[in-house]
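work-v9.cif follows; it contains mmCIF, C-alpha atoms.
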```cif
data_my_file
#
loop_
_atom_site.label_atom_id
_atom_site.label_comp_id
_atom_site.auth_asym_id
_atom_site.auth_seq_id
_atom_site.Cartn_x
_atom_site.Cartn_y
_atom_site.Cartn_z
CA MET A 862 145.79 -6.15 -194.38
CA THR A 863 147.27 -5.50 -190.95
CA TRP A 864 150.22 -7.15 -189.21
CA LEU A 865 148.28 -6.96 -185.94
CA PRO A 866 144.66 -7.93 -186.46
CA SER A 867 144.11 -8.79 -182.80
CA LEU A 868 145.80 -9.37 -179.45
CA MET A 869 143.76 -12.52 -178.95
CA THR A 870 145.50 -15.85 -179.43
CA ALA A 871 144.29 -19.40 -179.08
CA THR A 872 147.04 -20.51 -176.72
CA PRO A 873 149.65 -19.06 -174.32
CA GLU A 874 152.44 -20.15 -176.64
CA GLU A 875 150.90 -18.23 -179.56
CA GLY A 876 150.58 -15.29 -177.19
CA PHE A 877 154.27 -15.48 -176.40
CA ASP A 878 155.09 -15.55 -180.12
CA LEU A 879 152.91 -12.48 -180.59
CA ALA A 880 154.85 -10.74 -177.80
CA ILE A 881 158.07 -11.45 -179.70
CA LYS A 882 156.49 -10.11 -182.88
CA LEU A 883 155.45 -6.88 -181.12
CA SER A 884 159.00 -6.50 -179.77
CA ARG A 885 160.53 -6.89 -183.22
CA MET A 886 157.97 -4.67 -184.94
CA ALA A 887 158.88 -1.70 -182.75
CA VAL A 888 162.48 -2.15 -183.88
CA LYS A 889 161.44 -2.50 -187.51
CA LYS A 890 159.37 0.67 -187.39
CA THR A 891 162.35 2.55 -185.95
CA GLN A 892 164.87 1.04 -188.37
CA PRO A 893 162.89 -0.02 -191.47
CA ASP A 894 166.01 -0.95 -193.48
CA ASP A 895 166.05 -4.77 -193.54
CA ALA A 896 169.74 -4.92 -194.40
CA ALA A 897 170.67 -2.62 -191.54
CA ARG A 898 168.78 -4.79 -189.07
CA SER A 899 170.41 -7.93 -190.45
CA ARG A 900 173.87 -6.43 -190.06
CA MET A 901 173.15 -5.75 -186.37
CA ARG A 902 171.94 -9.27 -185.62
CA PRO A 903 175.34 -10.68 -184.57
CA ASP A 904 175.76 -7.70 -182.21
CA TYR A 905 172.89 -8.74 -179.98
CA ALA A 906 172.60 -12.45 -180.74
CA ASN A 907 176.07 -13.05 -179.33
CA ASN A 908 175.93 -10.72 -176.36
CA ALA A 909 174.43 -11.94 -173.11
CA ASP A 910 173.25 -8.55 -171.88
CA SER A 911 171.73 -7.69 -175.24
CA LEU A 912 169.74 -10.92 -175.16
CA THR A 913 168.60 -10.19 -171.62
CA MET A 914 167.41 -6.77 -172.79
CA VAL A 915 165.49 -8.40 -175.62
CA SER A 916 163.91 -10.77 -173.12
CA GLN A 917 162.88 -7.76 -171.00
CA VAL A 918 160.99 -6.27 -173.94
CA VAL A 919 159.29 -9.57 -174.68
CA ALA A 920 158.26 -9.81 -171.01
CA ALA A 921 156.61 -6.38 -171.18
CA ASN A 922 154.75 -7.23 -174.34
CA PHE A 923 153.74 -10.62 -172.96
CA GLN A 924 152.19 -8.81 -169.99
CA THR A 925 149.97 -6.98 -172.46
CA VAL A 926 149.06 -10.01 -174.55
CA ALA A 927 148.42 -12.21 -171.51
CA ALA A 928 146.13 -9.59 -169.93
CA ALA A 929 144.30 -9.19 -173.24
CA ASN A 930 143.63 -12.92 -173.26
CA ASN A 931 142.59 -12.95 -169.62
CA TYR A 932 145.61 -15.20 -169.11
CA TRP A 933 143.99 -17.98 -171.13
CA ARG A 934 142.24 -18.98 -167.90
CA ASN A 935 139.25 -20.67 -169.48
CA MET B 1313 153.25 -30.51 -177.67
CA THR B 1314 153.83 -27.01 -176.40
CA TRP B 1315 156.45 -25.65 -174.00
CA LEU B 1316 153.79 -23.37 -172.50
CA PRO B 1317 150.54 -25.24 -172.01
CA SER B 1318 149.25 -22.83 -169.38
CA LEU B 1319 150.19 -19.94 -167.10
CA MET B 1320 148.48 -21.67 -164.19
CA THR B 1321 150.67 -23.32 -161.58
CA ALA B 1322 149.84 -25.16 -158.39
CA THR B 1323 152.08 -23.06 -156.16
CA PRO B 1324 153.87 -19.68 -156.08
CA GLU B 1325 157.23 -21.41 -156.32
CA GLU B 1326 156.20 -23.22 -159.49
CA GLY B 1327 154.99 -19.87 -160.77
CA PHE B 1328 158.39 -18.36 -160.12
CA ASP B 1329 160.05 -21.23 -161.99
CA LEU B 1330 157.70 -20.62 -164.90
CA ALA B 1331 158.71 -16.93 -164.87
CA ILE B 1332 162.34 -18.02 -165.20
CA LYS B 1333 161.39 -20.35 -168.06
CA LEU B 1334 159.61 -17.53 -169.90
CA SER B 1335 162.66 -15.31 -169.45
CA ARG B 1336 164.99 -17.93 -170.89
CA MET B 1337 162.64 -18.87 -173.71
CA ALA B 1338 162.68 -15.33 -175.09
CA VAL B 1339 166.47 -15.56 -175.21
CA LYS B 1340 166.34 -18.98 -176.84
CA LYS B 1341 163.92 -17.81 -179.52
CA THR B 1342 166.26 -14.89 -180.30
CA GLN B 1343 169.42 -16.99 -180.23
CA PRO B 1344 168.38 -20.60 -180.99
CA ASP B 1345 171.96 -21.91 -181.17
CA ASP B 1346 172.46 -23.88 -177.95
CA ALA B 1347 176.25 -23.72 -178.20
CA ALA B 1348 176.20 -19.95 -178.65
CA ARG B 1349 174.06 -19.52 -175.55
CA SER B 1350 176.32 -21.85 -173.54
CA ARG B 1351 179.40 -19.86 -174.56
CA MET B 1352 177.77 -16.69 -173.22
CA ARG B 1353 176.84 -18.17 -169.87
CA PRO B 1354 180.04 -17.16 -168.03
CA ASP B 1355 179.56 -13.60 -169.32
CA TYR B 1356 176.39 -13.03 -167.33
CA ALA B 1357 176.73 -15.62 -164.58
CA ASN B 1358 179.82 -13.88 -163.26
CA ASN B 1359 178.73 -10.29 -163.69
CA ALA B 1360 176.66 -8.63 -160.98
CA ASP B 1361 174.84 -6.19 -163.25
CA SER B 1362 174.06 -8.92 -165.78
CA LEU B 1363 172.50 -11.01 -163.04
CA THR B 1364 170.48 -8.03 -161.83
CA MET B 1365 169.21 -7.55 -165.37
CA VAL B 1366 168.20 -11.20 -165.50
CA SER B 1367 166.37 -10.77 -162.21
CA GLN B 1368 164.54 -7.77 -163.69
CA VAL B 1369 163.22 -9.91 -166.54
CA VAL B 1370 162.13 -12.63 -164.15
CA ALA B 1371 160.32 -10.01 -162.05
CA ALA B 1372 158.36 -8.82 -165.10
CA ASN B 1373 157.39 -12.34 -166.06
CA PHE B 1374 156.51 -13.20 -162.48
CA GLN B 1375 154.09 -10.25 -162.48
CA THR B 1376 152.31 -11.91 -165.39
CA VAL B 1377 152.28 -15.40 -163.92
CA ALA B 1378 151.21 -14.20 -160.47
CA ALA B 1379 148.34 -12.17 -161.92
CA ALA B 1380 147.28 -15.14 -164.03
CA ASN B 1381 147.09 -17.25 -160.89
CA ASN B 1382 145.25 -14.54 -158.97
CA TYR B 1383 148.30 -14.48 -156.73
CA TRP B 1384 147.53 -17.98 -155.45
CA ARG B 1385 145.22 -16.29 -152.95
CA ASN B 1386 142.88 -19.22 -152.41
CA MET C 825 159.48 -27.31 -147.97
CA THR C 826 159.33 -24.34 -150.32
CA TRP C 827 161.15 -21.02 -150.17
CA LEU C 828 157.96 -19.31 -151.38
CA PRO C 829 154.91 -20.71 -149.59
CA SER C 830 152.79 -17.66 -150.29
CA LEU C 831 152.82 -14.06 -151.54
CA MET C 832 150.69 -13.02 -148.58
CA THR C 833 152.40 -11.14 -145.76
CA ALA C 834 151.09 -9.68 -142.54
CA THR C 835 152.49 -6.20 -143.11
CA PRO C 836 153.79 -3.95 -145.92
CA GLU C 837 157.30 -4.15 -144.48
CA GLU C 838 157.25 -7.95 -144.63
CA GLY C 839 155.97 -7.60 -148.19
CA PHE C 840 158.94 -5.41 -149.05
CA ASP C 841 161.30 -7.97 -147.56
CA LEU C 842 159.63 -10.66 -149.66
CA ALA C 843 160.18 -8.49 -152.77
CA ILE C 844 163.88 -8.38 -151.92
CA LYS C 845 163.90 -12.15 -151.46
CA LEU C 846 162.28 -12.68 -154.86
CA SER C 847 164.86 -10.40 -156.46
CA ARG C 848 167.74 -12.31 -154.92
CA MET C 849 166.25 -15.72 -155.65
CA ALA C 850 166.19 -15.03 -159.38
CA VAL C 851 169.89 -14.27 -159.18
CA LYS C 852 170.55 -17.38 -157.11
CA LYS C 853 168.71 -19.61 -159.57
CA THR C 854 170.79 -18.16 -162.41
CA GLN C 855 174.08 -18.35 -160.52
CA PRO C 856 173.67 -21.08 -157.87
CA ASP C 857 177.32 -20.98 -156.77
CA ASP C 858 177.30 -19.21 -153.39
CA ALA C 859 180.99 -18.36 -153.57
CA ALA C 860 180.60 -16.82 -157.01
CA ARG C 861 177.77 -14.59 -155.81
CA SER C 862 179.76 -13.56 -152.73
CA ARG C 863 182.73 -12.58 -154.89
CA MET C 864 180.47 -10.30 -156.92
CA ARG C 865 178.97 -8.54 -153.91
CA PRO C 866 181.51 -5.68 -153.76
CA ASP C 867 180.93 -5.06 -157.47
CA TYR C 868 177.34 -3.96 -156.99
CA ALA C 869 177.35 -2.94 -153.31
CA ASN C 870 179.82 -0.16 -154.06
CA ASN C 871 178.45 1.03 -157.36
CA ALA C 872 175.64 3.56 -157.40
CA ASP C 873 174.11 2.48 -160.70
CA SER C 874 174.25 -1.19 -159.73
CA LEU C 875 172.36 -0.40 -156.55
CA THR C 876 169.78 1.58 -158.49
CA MET C 877 169.31 -1.41 -160.79
CA VAL C 878 168.80 -3.64 -157.76
CA SER C 879 166.22 -1.19 -156.46
CA GLN C 880 164.44 -1.36 -159.82
CA VAL C 881 164.08 -5.12 -159.52
CA VAL C 882 162.80 -4.83 -155.96
CA ALA C 883 160.25 -2.24 -157.14
CA ALA C 884 158.93 -4.64 -159.79
CA ASN C 885 158.63 -7.48 -157.31
CA PHE C 886 157.05 -5.20 -154.73
CA GLN C 887 154.38 -4.33 -157.29
CA THR C 888 153.52 -8.02 -157.45
CA VAL C 889 153.57 -8.60 -153.70
CA ALA C 890 151.59 -5.45 -152.94
CA ALA C 891 148.91 -6.33 -155.49
CA ALA C 892 148.74 -9.86 -154.07
CA ASN C 893 148.06 -8.41 -150.65
CA ASN C 894 145.53 -5.94 -151.99
CA TYR C 895 147.95 -3.26 -150.80
CA TRP C 896 147.32 -4.20 -147.16
CA ARG C 897 144.32 -1.87 -147.33
CA ASN C 898 142.30 -3.50 -144.58
CA MET D 1310 144.59 21.43 -181.38
CA THR D 1311 146.25 18.66 -179.42
CA TRP D 1312 148.69 15.99 -180.55
CA LEU D 1313 146.93 13.52 -178.22
CA PRO D 1314 143.17 13.90 -178.48
CA SER D 1315 142.48 10.41 -177.14
CA LEU D 1316 144.04 7.06 -176.25
CA MET D 1317 141.27 5.28 -178.10
CA THR D 1318 142.08 3.77 -181.49
CA ALA D 1319 140.01 1.81 -183.93
CA THR D 1320 142.42 -1.10 -184.24
CA PRO D 1321 145.36 -2.72 -182.39
CA GLU D 1322 147.72 -1.61 -185.16
CA GLU D 1323 146.68 2.02 -184.76
CA GLY D 1324 147.18 1.56 -181.03
CA PHE D 1325 150.70 0.35 -181.62
CA ASP D 1326 151.40 3.37 -183.82
CA LEU D 1327 150.09 5.60 -181.04
CA ALA D 1328 152.47 3.88 -178.60
CA ILE D 1329 155.35 4.75 -180.93
CA LYS D 1330 154.11 8.34 -181.12
CA LEU D 1331 153.99 8.60 -177.32
CA SER D 1332 157.53 7.25 -177.11
CA ARG D 1333 158.84 9.80 -179.58
CA MET D 1334 156.90 12.68 -178.09
CA ALA D 1335 158.60 12.23 -174.71
CA VAL D 1336 161.94 12.54 -176.51
CA LYS D 1337 160.77 15.58 -178.45
CA LYS D 1338 159.58 17.34 -175.31
CA THR D 1339 162.98 16.71 -173.70
CA GLN D 1340 164.97 17.71 -176.80
CA PRO D 1341 162.72 20.04 -178.84
CA ASP D 1342 165.45 20.91 -181.37
CA ASP D 1343 164.51 19.00 -184.54
CA ALA D 1344 168.02 19.23 -185.97
CA ALA D 1345 169.57 17.85 -182.78
CA ARG D 1346 167.23 14.85 -182.84
CA SER D 1347 167.96 14.25 -186.53
CA ARG D 1348 171.69 14.26 -185.88
CA MET D 1349 171.25 11.57 -183.22
CA ARG D 1350 169.18 9.28 -185.43
CA PRO D 1351 172.13 7.25 -186.83
CA ASP D 1352 173.34 6.73 -183.25
CA TYR D 1353 170.35 4.63 -182.26
CA ALA D 1354 169.10 3.42 -185.65
CA ASN D 1355 172.32 1.50 -186.20
CA ASN D 1356 172.86 0.17 -182.71
CA ALA D 1357 171.16 -3.04 -181.66
CA ASP D 1358 170.92 -2.23 -177.95
CA SER D 1359 169.60 1.27 -178.66
CA LEU D 1360 166.85 -0.21 -180.80
CA THR D 1361 166.00 -2.72 -178.08
CA MET D 1362 165.73 0.15 -175.62
CA VAL D 1363 163.38 1.96 -177.99
CA SER D 1364 161.29 -1.20 -178.26
CA GLN D 1365 161.13 -1.33 -174.45
CA VAL D 1366 159.64 2.16 -174.33
CA VAL D 1367 157.12 1.30 -177.02
CA ALA D 1368 156.14 -1.82 -175.06
CA ALA D 1369 155.45 0.27 -171.95
CA ASN D 1370 153.35 2.75 -173.88
CA PHE D 1371 151.52 -0.04 -175.71
CA GLN D 1372 150.55 -1.46 -172.32
CA THR D 1373 148.84 1.83 -171.58
CA VAL D 1374 147.13 2.18 -174.95
CA ALA D 1375 146.01 -1.45 -175.01
CA ALA D 1376 144.51 -1.19 -171.52
CA ALA D 1377 142.77 2.05 -172.51
CA ASN D 1378 141.16 0.25 -175.41
CA ASN D 1379 140.22 -2.75 -173.30
CA TYR D 1380 142.58 -4.70 -175.56
CA TRP D 1381 140.22 -4.20 -178.53
CA ARG D 1382 138.37 -7.25 -177.25
CA ASN D 1383 135.01 -6.43 -178.77
CA MET E 694 158.25 0.23 -135.04
CA THR E 695 158.28 -0.19 -138.80
CA TRP E 696 159.60 2.10 -141.51
CA LEU E 697 156.60 1.16 -143.67
CA PRO E 698 153.43 1.12 -141.61
CA SER E 699 151.16 1.56 -144.63
CA LEU E 700 151.07 2.37 -148.35
CA MET E 701 148.21 4.79 -147.73
CA THR E 702 148.98 8.50 -147.81
CA ALA E 703 146.80 11.54 -147.40
CA THR E 704 147.86 13.21 -150.63
CA PRO E 705 149.50 12.40 -153.99
CA GLU E 706 152.57 14.37 -152.99
CA GLU E 707 153.02 12.31 -149.83
CA GLY E 708 152.57 9.24 -152.02
CA PHE E 709 155.37 10.41 -154.27
CA ASP E 710 157.61 10.94 -151.26
CA LEU E 711 156.81 7.42 -150.12
CA ALA E 712 157.79 6.12 -153.57
CA ILE E 713 161.16 7.82 -153.15
CA LYS E 714 161.51 6.28 -149.70
CA LEU E 715 160.79 2.80 -151.05
CA SER E 716 163.39 3.32 -153.79
CA ARG E 717 166.05 4.36 -151.29
CA MET E 718 165.18 1.64 -148.79
CA ALA E 719 165.90 -1.10 -151.34
CA VAL E 720 169.35 0.42 -151.80
CA LYS E 721 169.87 0.70 -148.05
CA LYS E 722 168.92 -2.93 -147.49
CA THR E 723 171.40 -3.98 -150.16
CA GLN E 724 174.18 -1.68 -148.93
CA PRO E 725 173.49 -1.01 -145.22
CA ASP E 726 176.75 0.88 -144.67
CA ASP E 727 175.75 4.56 -144.40
CA ALA E 728 179.26 5.79 -145.14
CA ALA E 729 179.49 3.67 -148.27
CA ARG E 730 176.21 5.05 -149.59
CA SER E 731 177.31 8.62 -148.81
CA ARG E 732 180.54 8.12 -150.72
CA MET E 733 178.58 7.03 -153.79
CA ARG E 734 176.22 10.01 -153.74
CA PRO E 735 178.31 12.25 -156.04
CA ASP E 736 178.53 9.37 -158.53
CA TYR E 737 174.82 9.40 -159.28
CA ALA E 738 173.85 12.93 -158.23
CA ASN E 739 176.08 14.38 -160.92
CA ASN E 740 175.38 11.93 -163.70
CA ALA E 741 172.37 12.47 -165.94
CA ASP E 742 171.79 8.82 -166.78
CA SER E 743 172.13 7.77 -163.15
CA LEU E 744 169.47 10.29 -162.18
CA THR E 745 167.20 9.05 -164.95
CA MET E 746 167.63 5.52 -163.62
CA VAL E 747 166.70 6.72 -160.14
CA SER E 748 163.62 8.37 -161.60
CA GLN E 749 162.69 5.08 -163.25
CA VAL E 750 162.73 3.31 -159.90
CA VAL E 751 160.63 6.03 -158.31
CA ALA E 752 158.13 5.73 -161.18
CA ALA E 753 157.75 2.00 -160.57
CA ASN E 754 157.23 2.49 -156.86
CA PHE E 755 154.83 5.38 -157.47
CA GLN E 756 152.75 3.02 -159.62
CA THR E 757 152.39 0.79 -156.58
CA VAL E 758 151.64 3.58 -154.10
CA ALA E 759 149.18 5.30 -156.44
CA ALA E 760 147.28 2.07 -157.07
CA ALA E 761 147.22 1.38 -153.33
CA ASN E 762 145.59 4.76 -152.79
CA ASN E 763 143.16 4.27 -155.66
CA TYR E 764 144.93 7.23 -157.25
CA TRP E 765 143.58 9.58 -154.55
CA ARG E 766 140.44 9.83 -156.68
CA ASN E 767 138.05 10.68 -153.86
CA MET F 1116 150.84 24.60 -151.74
CA THR F 1117 151.74 21.31 -153.36
CA TRP F 1118 153.38 20.60 -156.71
CA LEU F 1119 151.10 17.57 -157.10
CA PRO F 1120 147.56 18.42 -156.05
CA SER F 1121 146.02 15.57 -158.06
CA LEU F 1122 146.69 12.93 -160.70
CA MET F 1123 143.48 13.93 -162.49
CA THR F 1124 143.82 15.95 -165.68
CA ALA F 1125 141.25 17.27 -168.10
CA THR F 1126 142.83 15.75 -171.20
CA PRO F 1127 145.29 13.01 -172.22
CA GLU F 1128 147.79 15.64 -173.33
CA GLU F 1129 147.73 17.29 -169.91
CA GLY F 1130 148.17 13.81 -168.44
CA PHE F 1131 151.26 13.29 -170.56
CA ASP F 1132 152.67 16.61 -169.39
CA LEU F 1133 152.04 15.54 -165.81
CA ALA F 1134 153.95 12.30 -166.48
CA ILE F 1135 156.89 14.39 -167.65
CA LYS F 1136 156.63 16.53 -164.52
CA LEU F 1137 156.66 13.45 -162.28
CA SER F 1138 159.73 12.15 -164.11
CA ARG F 1139 161.61 15.40 -163.61
CA MET F 1140 160.52 15.84 -160.02
CA ALA F 1141 162.11 12.54 -159.01
CA VAL F 1142 165.38 13.82 -160.47
CA LYS F 1143 164.98 17.17 -158.73
CA LYS F 1144 164.35 15.54 -155.36
CA THR F 1145 167.51 13.45 -155.82
CA GLN F 1146 169.62 16.36 -157.08
CA PRO F 1147 168.02 19.57 -155.72
CA ASP F 1148 170.83 21.83 -156.96
CA ASP F 1149 169.37 23.67 -159.99
CA ALA F 1150 172.77 24.60 -161.35
CA ALA F 1151 173.98 20.99 -161.18
CA ARG F 1152 170.95 19.77 -163.11
CA SER F 1153 171.41 22.51 -165.72
CA ARG F 1154 175.04 21.54 -166.21
CA MET F 1155 173.97 17.95 -166.94
CA ARG F 1156 171.32 18.91 -169.50
CA PRO F 1157 173.62 18.72 -172.57
CA ASP F 1158 174.73 15.26 -171.41
CA TYR F 1159 171.33 13.69 -171.92
CA ALA F 1160 169.73 16.11 -174.39
CA ASN F 1161 172.34 15.23 -177.00
CA ASN F 1162 172.59 11.50 -176.38
CA ALA F 1163 170.13 9.17 -178.08
CA ASP F 1164 170.20 6.46 -175.42
CA SER F 1165 169.80 9.00 -172.61
CA LEU F 1166 166.72 10.39 -174.31
CA THR F 1167 165.31 6.89 -174.75
CA MET F 1168 165.84 6.30 -171.04
CA VAL F 1169 164.00 9.52 -170.26
CA SER F 1170 161.16 8.38 -172.50
CA GLN F 1171 161.04 5.09 -170.56
CA VAL F 1172 160.51 6.95 -167.31
CA VAL F 1173 157.79 9.10 -168.84
CA ALA F 1174 156.08 5.95 -170.14
CA ALA F 1175 156.01 4.46 -166.64
CA ASN F 1176 154.59 7.61 -165.14
CA PHE F 1177 152.07 7.96 -167.96
CA GLN F 1178 150.84 4.45 -167.13
CA THR F 1179 150.05 5.72 -163.64
CA VAL F 1180 148.43 8.97 -164.73
CA ALA F 1181 146.39 7.30 -167.48
CA ALA F 1182 145.08 4.65 -165.09
CA ALA F 1183 144.23 7.34 -162.54
CA ASN F 1184 142.14 9.09 -165.17
CA ASN F 1185 140.51 5.86 -166.31
CA TYR F 1186 142.23 6.53 -169.63
CA TRP F 1187 140.03 9.59 -170.25
CA ARG F 1188 137.47 7.16 -171.63
CA ASN F 1189 134.39 9.27 -170.93
#
```
Any chance you could put this one into structure tokens?
Amino acid sequence: MTWLPSLMTATPEEGFDLAIKLSRMAVKKTQPDDAARSRMRPDYANNADSLTMVSQVVAANFQTVAAANNYWRN
Amino acid sequence: MTWLPSLMTATPEEGFDLAIKLSRMAVKKTQPDDAARSRMRPDYANNADSLTMVSQVVAANFQTVAAANNYWRN
Amino acid sequence: MTWLPSLMTATPEEGFDLAIKLSRMAVKKTQPDDAARSRMRPDYANNADSLTMVSQVVAANFQTVAAANNYWRN
Amino acid sequence: MTWLPSLMTATPEEGFDLAIKLSRMAVKKTQPDDAARSRMRPDYANNADSLTMVSQVVAANFQTVAAANNYWRN
Amino acid sequence: MTWLPSLMTATPEEGFDLAIKLSRMAVKKTQPDDAARSRMRPDYANNADSLTMVSQVVAANFQTVAAANNYWRN
Amino acid sequence: MTWLPSLMTATPEEGFDLAIKLSRMAVKKTQPDDAARSRMRPDYANNADSLTMVSQVVAANFQTVAAANNYWRN
């Protein structure tokens, strides 16, 4: 079993959700301790700049997923 | 119903608005509490660097949307 | 009337100016209050790192505009 | 022997792991002292913004690896 | 006369210099006062993170210039 | 003589080293004083976020070098 079987998604919205998943997985692989990540959640979820930084990561990953799906053009 | 039916837009300006929507949606999916996000608004709306960071996210998402639309060349 | 009729420009320099416009427009759409933006101007115009961050946003938007114009190769 | 024989991977998940490896290798080549890097680990592993920054680097490298693999489309 | 007649350069090194020029020009267009920019020079020229940020902007602009020149492959 | 005769490299690892060289050269061209750069080395070599920022620059330059080399696919 793999957490990332494919970059292909049926819809743009699913592609955006995959971009979020990729963003979080890089964090998880750097800090695998679930409790540690949970403790940090209020730090970024209540800070405007932290949330903007998260959005920047999602944007980069969405570039990848959207290109992979040929922008769901067809 | 989906908030992101397509990356295609009729005009570049609509594409730019979609890039802003994508940027905000990543924030919303990370911090779904509307009141929490509203409380943070003055933090970034009145800080030059915060606004520049927001503009950076929009630029990344606009790259995706513009490519998807083949830069509205035709 | 639209502020962004097209990503096409006659010259690379006009393309660079459009990249600056895109960068500022994302700020304006996030903070529409002209007076508020004017008050913040000294904050970033006199701070080296703030200016570098602005330049980063322009670079990202110039990537989009340059690609749209096929790098003004012909 | 090379630590980077190829950008090709069999699966998207292996490609993501390679993106993480690339991200860490750039750090290692800048700070080759293993003990120094180990000492810094708590600094970023317990800081939300630091982890987001790490995720941003991984996203950039994953763009490269995914493009190299033609997004594992076939 | 234009400061940016073309993105084409004869060599990769000239392309890199053009990327630096683009990075500085975005700063200059945001802060046109030469004296103000000169005063800020020690702030970033003697700060490691500031210099890394400058390098990030140059990297983004070099992506554009290199693509424009088809990576000087021929 | 040029420090950047080509973006082509024989292997991915050499391409990664070139990406590091590009990242450092942008710093060097902004702060040409060797002694000044040496003095700053401990500032970023012992700071986790600084090293992550360096890795971000390398990732951007590696995107360029990898694309130039068609990802060393053949």
Subject >> Contact residues around stretch 1148-1156 of chain F with all atoms listed in the file at 8 Å, ignoring same-chain residues under 5 positions, as an NGL selection string >> reply: (:E and (739-741)) or (:F and (1143))
**OP:** Show which residues sit within 9 Å of stretch 874-879 of chain A, as a PyMOL selection string. Count only C-alpha atoms, and ignore same-chain residues fewer than 4 positions away.
**Re:** (chain A and resi 865+868-870+883-884+919-920+922-923+926-927+930) or (chain B and resi 1314-1318+1334+1338)
Original post:
In Å, with one decimal, what is the gap from atom CA of E:Val747 to atom CA of C:Ala892?
Top reply: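 Spanning atom CA of E:Val747 to atom CA of C:Ala892 is a straight-line distance of 25.2 Å.
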Might you spell out which residues the PyMOL selection byres ((chain C and resi 873) around 8) would select in the displayed file, as a PDB file with C-alpha atoms, keeping the file's coordinate frame?
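Output (out.pdb):
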```pdb
ATOM      1  CA  ASN C 871     178.450   1.030-157.360  1.00  0.00           C
ATOM      2  CA  ALA C 872     175.640   3.560-157.400  1.00  0.00           C
ATOM      3  CA  SER C 874     174.250  -1.190-159.730  1.00  0.00           C
ATOM      4  CA  LEU C 875     172.360  -0.400-156.550  1.00  0.00           C
ATOM      5  CA  THR C 876     169.780   1.580-158.490  1.00  0.00           C
ATOM      6  CA  MET C 877     169.310  -1.410-160.790  1.00  0.00           C
TER       7      MET C 877
ATOM      8  CA  TYR E 737     174.820   9.400-159.280  1.00  0.00           C
ATOM      9  CA  SER E 743     172.130   7.770-163.150  1.00  0.00           C
ATOM     10  CA  MET E 746     167.630   5.520-163.620  1.00  0.00           C
TER      11      MET E 746
END
```
**OP:** Between atom CA of B:Met1313 and atom CA of B:Ala1379, measure the distance and give it in Å to one decimal.
**Re:**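 Straight-line distance from atom CA of B:Met1313 to atom CA of B:Ala1379 works out to 24.7 Å.
Here atom CA of E:Ala753 is placed at a distance of 26.1 Å from atom CA of C:Gln855.
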Original post:
So which one's closest to chain E, C:Thr888, C:Pro856, C:Ser879, C:Ala834? Using all atoms listed in the file, please.
Top reply: C:Ser879
Original post:
With all atoms listed in the file as the atoms that count, which of D:Gln1365, D:Asn1379, D:Ala1328, D:Val1336 lies nearest to chain B?
Top reply: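 The shortest atom-to-atom distance to chain B comes from D:Gln1365.
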